[in-house]
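Engineer: First the structure, which I've put down as structure tokens, then a few questions once you've had a look.
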Amino acid sequence: MTTDMTALITGANKGIGLATARQLGERGYTVLVGARDPQRGREAERTLRDGGADAHAVEVDVTDEESVARATKWITDRYAQLDVLVNNAGIARGDGTGRPSETTLATLRAVYETNVFGVVAVTNALLPLLRAAPAARIVNVSSEVGSIGLLSDPAHPLFPIASVPYPSSKSALNMVTAMYAKELRDGRIKVNAANPGYCATDLNNHGGFRTPEQGAEVSVHLATLGEDGPSGLLWGFVMDGGNNEYGVLPW
Ligand SMILES: NC(=O)c1ccc[n+]([C@@H]2O[C@H](COP(=O)([O-])OP(=O)(O)OC[C@H]3O[C@@H](n4cnc5c(N)ncnc54)[C@H](OP(=O)(O)O)[C@@H]3O)[C@@H](O)[C@H]2O)c1
């Protein structure tokens with residue numbers, strides 16, 4: 001299947017991002033494989049091309065505004081529009097036991113640079129190209145651990161989590177998502193946050209019980225929403241006492 005649709009996925013050289021690029025490639029999208037390391041980007045491009053996707057590596061470090069500007073120019077020079085932006089690049093770090101009292105500002109800053117500021121930088125740089133598409137979709141890859149509602153509920157399995165950097169960065173990303181959805185609600189662009197669920201990747205030393213491919217299904221669903229689809233939601237894997245399914249999560 002081929003389409004004339006183009007998608008950029010940041011952090012697409014491995015994990016959920018690579019799986020998202022593969023699945024969008026299978027749906028006929030031209031996939032721009034965002035990677036901060038050019039060598040890793042080229043390897044991912046080759047893997048995706050071997051699988052039949054129209055894949056092109058794009059060097060982009062989301063924490064580096066010049067790198068974001070160079071990537072934007074590279075894309076703008078070649079494509080008239082961008083149909084999908086998946087802000088997937090993310091890092092997880094903690095200090096000591098990860099508790100708030102042990103958290104250093106250096107860690108907090110590093111995590112926010114990637115998980116929050118990077119999303120705003122990339123989105124704003126690419127908005128003109130997204131606006132040029134007939135119905136662009138922005139997917140911010142967030143997490144259920146960014147849900148203040150779930151992590152404050154003593155009955156929820158995630159309640160024991162008591163860490164600041166990663167969870168609060170995803171809470172901030174959820175708000176960023178809601179505000180972009182609000183600004184863009186009268187246009188044709190839908191903006192949603194994705195919860196892939198706990199997937200086995202380098203991010204968690206492969207401790208997750210879902211596969212990167214399953215996590216990517218969530219981003220792909222939100223990236224390919226129809227005209228009647230929602231905007232401004234945290235949507236994805238719902239941990240529901242054994243009834244594992246997809247749905248809307250509380251902020
Ligand atoms: N795995 C889970 O259970 C889970 C659950 C919920 C949400 N998420 C979210 O899913 C997204 C993907 O994570 P993953 O699990 O697939 O982790 P991963 O395998 O560690 O992949 C993370 C990707 O982000 C890239 N990246 C990190 N910093 C970057 C930067 N400054 N600029 C550009 N790219 C950067 C990495 O590039 P390098 O290879 O160069 O490091 C890598 O490609 C993240 O946003 C994560 O928070 C994951």
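Residues are referred to by chain and number: the chain letter is A, B, ... according to the order shown in the structure tokens, the number counts from 1 in that chain, and ligands are numbered separately from 1 in the order shown.
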Quick one: residues within 8 Å of stretch 73-90 of chain A, only C-alpha atoms, excluding same-chain residues fewer than 5 positions away - as a PyMOL selection string?

Structural biologist: chain A and resi 5-12+16-17+58+62+111+114-115+119+122-123+126+129-141+219+223

Engineer: Suppose we keep N, CA and C atoms; can you now write the selection as an mmCIF file, in the first residue's frame?

Structural biologist:
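Contents of the output file again.cif:
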data_model
loop_
_atom_site.group_PDB
_atom_site.id
_atom_site.type_symbol
_atom_site.label_atom_id
_atom_site.label_comp_id
_atom_site.auth_asym_id
_atom_site.auth_seq_id
_atom_site.Cartn_x
_atom_site.Cartn_y
_atom_site.Cartn_z
ATOM 1 N N MET A 5 1.278 10.275 2.052
ATOM 2 C CA MET A 5 1.360 10.823 3.403
ATOM 3 C C MET A 5 2.775 10.651 3.973
ATOM 4 N N THR A 6 3.195 11.652 4.735
ATOM 5 C CA THR A 6 4.535 11.631 5.323
ATOM 6 C C THR A 6 4.442 11.773 6.839
ATOM 7 N N ALA A 7 5.236 10.974 7.546
ATOM 8 C CA ALA A 7 5.224 10.994 9.008
ATOM 9 C C ALA A 7 6.641 11.129 9.539
ATOM 10 N N LEU A 8 6.824 12.004 10.513
ATOM 11 C CA LEU A 8 8.101 12.082 11.234
ATOM 12 C C LEU A 8 7.905 11.477 12.613
ATOM 13 N N ILE A 9 8.793 10.564 12.968
ATOM 14 C CA ILE A 9 8.776 9.972 14.306
ATOM 15 C C ILE A 9 10.117 10.306 14.946
ATOM 16 N N THR A 10 10.110 11.013 16.059
ATOM 17 C CA THR A 10 11.380 11.299 16.728
ATOM 18 C C THR A 10 11.785 10.067 17.562
ATOM 19 N N GLY A 11 13.088 9.917 17.752
ATOM 20 C CA GLY A 11 13.573 8.754 18.511
ATOM 21 C C GLY A 11 13.123 7.453 17.879
ATOM 22 N N ALA A 12 13.273 7.374 16.549
ATOM 23 C CA ALA A 12 12.716 6.225 15.820
ATOM 24 C C ALA A 12 13.770 5.176 15.498
ATOM 25 N N ILE A 16 9.935 1.674 20.781
ATOM 26 C CA ILE A 16 8.569 1.939 20.315
ATOM 27 C C ILE A 16 8.589 2.815 19.058
ATOM 28 N N GLY A 17 9.564 3.740 18.987
ATOM 29 C CA GLY A 17 9.651 4.639 17.829
ATOM 30 C C GLY A 17 9.932 3.882 16.544
ATOM 31 N N VAL A 58 16.434 11.063 9.414
ATOM 32 C CA VAL A 58 16.577 12.511 9.616
ATOM 33 C C VAL A 58 17.267 12.709 10.959
ATOM 34 N N VAL A 62 16.290 16.318 19.848
ATOM 35 C CA VAL A 62 15.178 17.202 20.226
ATOM 36 C C VAL A 62 15.562 18.226 21.294
ATOM 37 N N VAL A 111 15.697 15.419 32.029
ATOM 38 C CA VAL A 111 14.485 14.695 31.623
ATOM 39 C C VAL A 111 13.482 15.651 30.977
ATOM 40 N N THR A 114 14.300 16.720 27.279
ATOM 41 C CA THR A 114 13.892 15.780 26.229
ATOM 42 C C THR A 114 12.380 15.607 26.189
ATOM 43 N N ASN A 115 11.783 15.282 27.335
ATOM 44 C CA ASN A 115 10.385 14.819 27.350
ATOM 45 C C ASN A 115 9.363 15.946 27.227
ATOM 46 N N VAL A 119 9.587 18.386 22.911
ATOM 47 C CA VAL A 119 8.309 18.231 22.194
ATOM 48 C C VAL A 119 7.817 19.586 21.699
ATOM 49 N N VAL A 122 10.144 20.792 18.739
ATOM 50 C CA VAL A 122 9.910 20.080 17.469
ATOM 51 C C VAL A 122 8.535 20.443 16.909
ATOM 52 N N THR A 123 7.537 20.487 17.776
ATOM 53 C CA THR A 123 6.175 20.778 17.300
ATOM 54 C C THR A 123 6.101 22.175 16.697
ATOM 55 N N LEU A 126 7.730 22.464 13.334
ATOM 56 C CA LEU A 126 7.077 21.755 12.229
ATOM 57 C C LEU A 126 5.633 22.162 12.004
ATOM 58 N N LEU A 129 4.522 23.105 8.450
ATOM 59 C CA LEU A 129 4.371 21.958 7.541
ATOM 60 C C LEU A 129 3.157 21.111 7.901
ATOM 61 N N LEU A 130 2.865 21.019 9.200
ATOM 62 C CA LEU A 130 1.676 20.267 9.635
ATOM 63 C C LEU A 130 0.415 21.006 9.188
ATOM 64 N N ARG A 131 0.455 22.325 9.271
ATOM 65 C CA ARG A 131 -0.714 23.124 8.846
ATOM 66 C C ARG A 131 -0.935 23.010 7.342
ATOM 67 N N ALA A 132 0.142 22.721 6.610
ATOM 68 C CA ALA A 132 0.019 22.601 5.147
ATOM 69 C C ALA A 132 -0.640 21.279 4.745
ATOM 70 N N ALA A 133 -0.726 20.339 5.680
ATOM 71 C CA ALA A 133 -1.376 19.049 5.379
ATOM 72 C C ALA A 133 -2.883 19.191 5.545
ATOM 73 N N PRO A 134 -3.665 18.370 4.824
ATOM 74 C CA PRO A 134 -5.125 18.509 4.937
ATOM 75 C C PRO A 134 -5.667 18.141 6.314
ATOM 76 N N ALA A 135 -5.040 17.221 7.010
ATOM 77 C CA ALA A 135 -5.584 16.767 8.312
ATOM 78 C C ALA A 135 -4.474 16.140 9.139
ATOM 79 N N ALA A 136 -3.576 16.992 9.614
ATOM 80 C CA ALA A 136 -2.401 16.446 10.308
ATOM 81 C C ALA A 136 -2.763 15.908 11.692
ATOM 82 N N ARG A 137 -1.944 14.967 12.154
ATOM 83 C CA ARG A 137 -2.116 14.376 13.484
ATOM 84 C C ARG A 137 -0.794 14.513 14.238
ATOM 85 N N ILE A 138 -0.896 14.991 15.479
ATOM 86 C CA ILE A 138 0.283 15.060 16.350
ATOM 87 C C ILE A 138 0.062 14.082 17.496
ATOM 88 N N VAL A 139 1.037 13.209 17.713
ATOM 89 C CA VAL A 139 0.951 12.241 18.802
ATOM 90 C C VAL A 139 2.126 12.493 19.741
ATOM 91 N N ASN A 140 1.822 12.811 20.983
ATOM 92 C CA ASN A 140 2.864 12.978 21.984
ATOM 93 C C ASN A 140 2.921 11.706 22.822
ATOM 94 N N VAL A 141 4.038 11.011 22.752
ATOM 95 C CA VAL A 141 4.109 9.734 23.465
ATOM 96 C C VAL A 141 4.362 10.022 24.939
ATOM 97 N N SER A 219 0.342 4.636 19.250
ATOM 98 C CA SER A 219 0.743 5.833 18.493
ATOM 99 C C SER A 219 0.155 5.808 17.091
ATOM 100 N N ALA A 223 -2.202 8.424 15.295
ATOM 101 C CA ALA A 223 -1.629 9.091 14.114
ATOM 102 C C ALA A 223 -2.535 8.968 12.901
#

Engineer: From a DSSP pass on the backbone, collect the residues of stretch 11-52 of chain A flagged as strand (DSSP E) and hand them back as a tab-separated table (two decimals) with N, CA and C atoms, in the first residue's frame.

Structural biologist:
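Wrote result-v4.tsv, looks like this:
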chain	number	residue	atom	x	y	z
A	30	THR	N	5.30	7.54	3.96
A	30	THR	CA	6.74	7.78	3.90
A	30	THR	C	7.16	8.11	5.32
A	31	VAL	N	8.12	7.35	5.86
A	31	VAL	CA	8.48	7.58	7.25
A	31	VAL	C	9.84	8.26	7.38
A	32	LEU	N	9.84	9.38	8.07
A	32	LEU	CA	11.06	10.11	8.36
A	32	LEU	C	11.50	9.66	9.74
A	33	VAL	N	12.66	9.01	9.75
A	33	VAL	CA	13.14	8.28	10.93
A	33	VAL	C	14.03	9.21	11.75
A	34	GLY	N	13.44	9.90	12.69
A	34	GLY	CA	14.20	10.83	13.51
A	34	GLY	C	15.17	10.07	14.42
A	35	ALA	N	16.43	10.49	14.40
A	35	ALA	CA	17.43	9.87	15.27
A	35	ALA	C	18.49	10.92	15.60

Engineer: What does the list of residues within 8 Å of ligand 1 look like if you count only C-alpha atoms and all ligand atoms, written as a ChimeraX atom specification?

Structural biologist: /A:10-18,34-37,40,60-64,87-92,113-115,118,140-145,166,170,194-204,206-208,210,212,215

Engineer: Looking at only C-alpha atoms, which of A:Ala21, A:Ala178, A:Val68, A:Val248 is the one that sits closest to A:Lys190?

Structural biologist: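 Counting only C-alpha atoms, the residue closest to A:Lys190 is A:Ala178.
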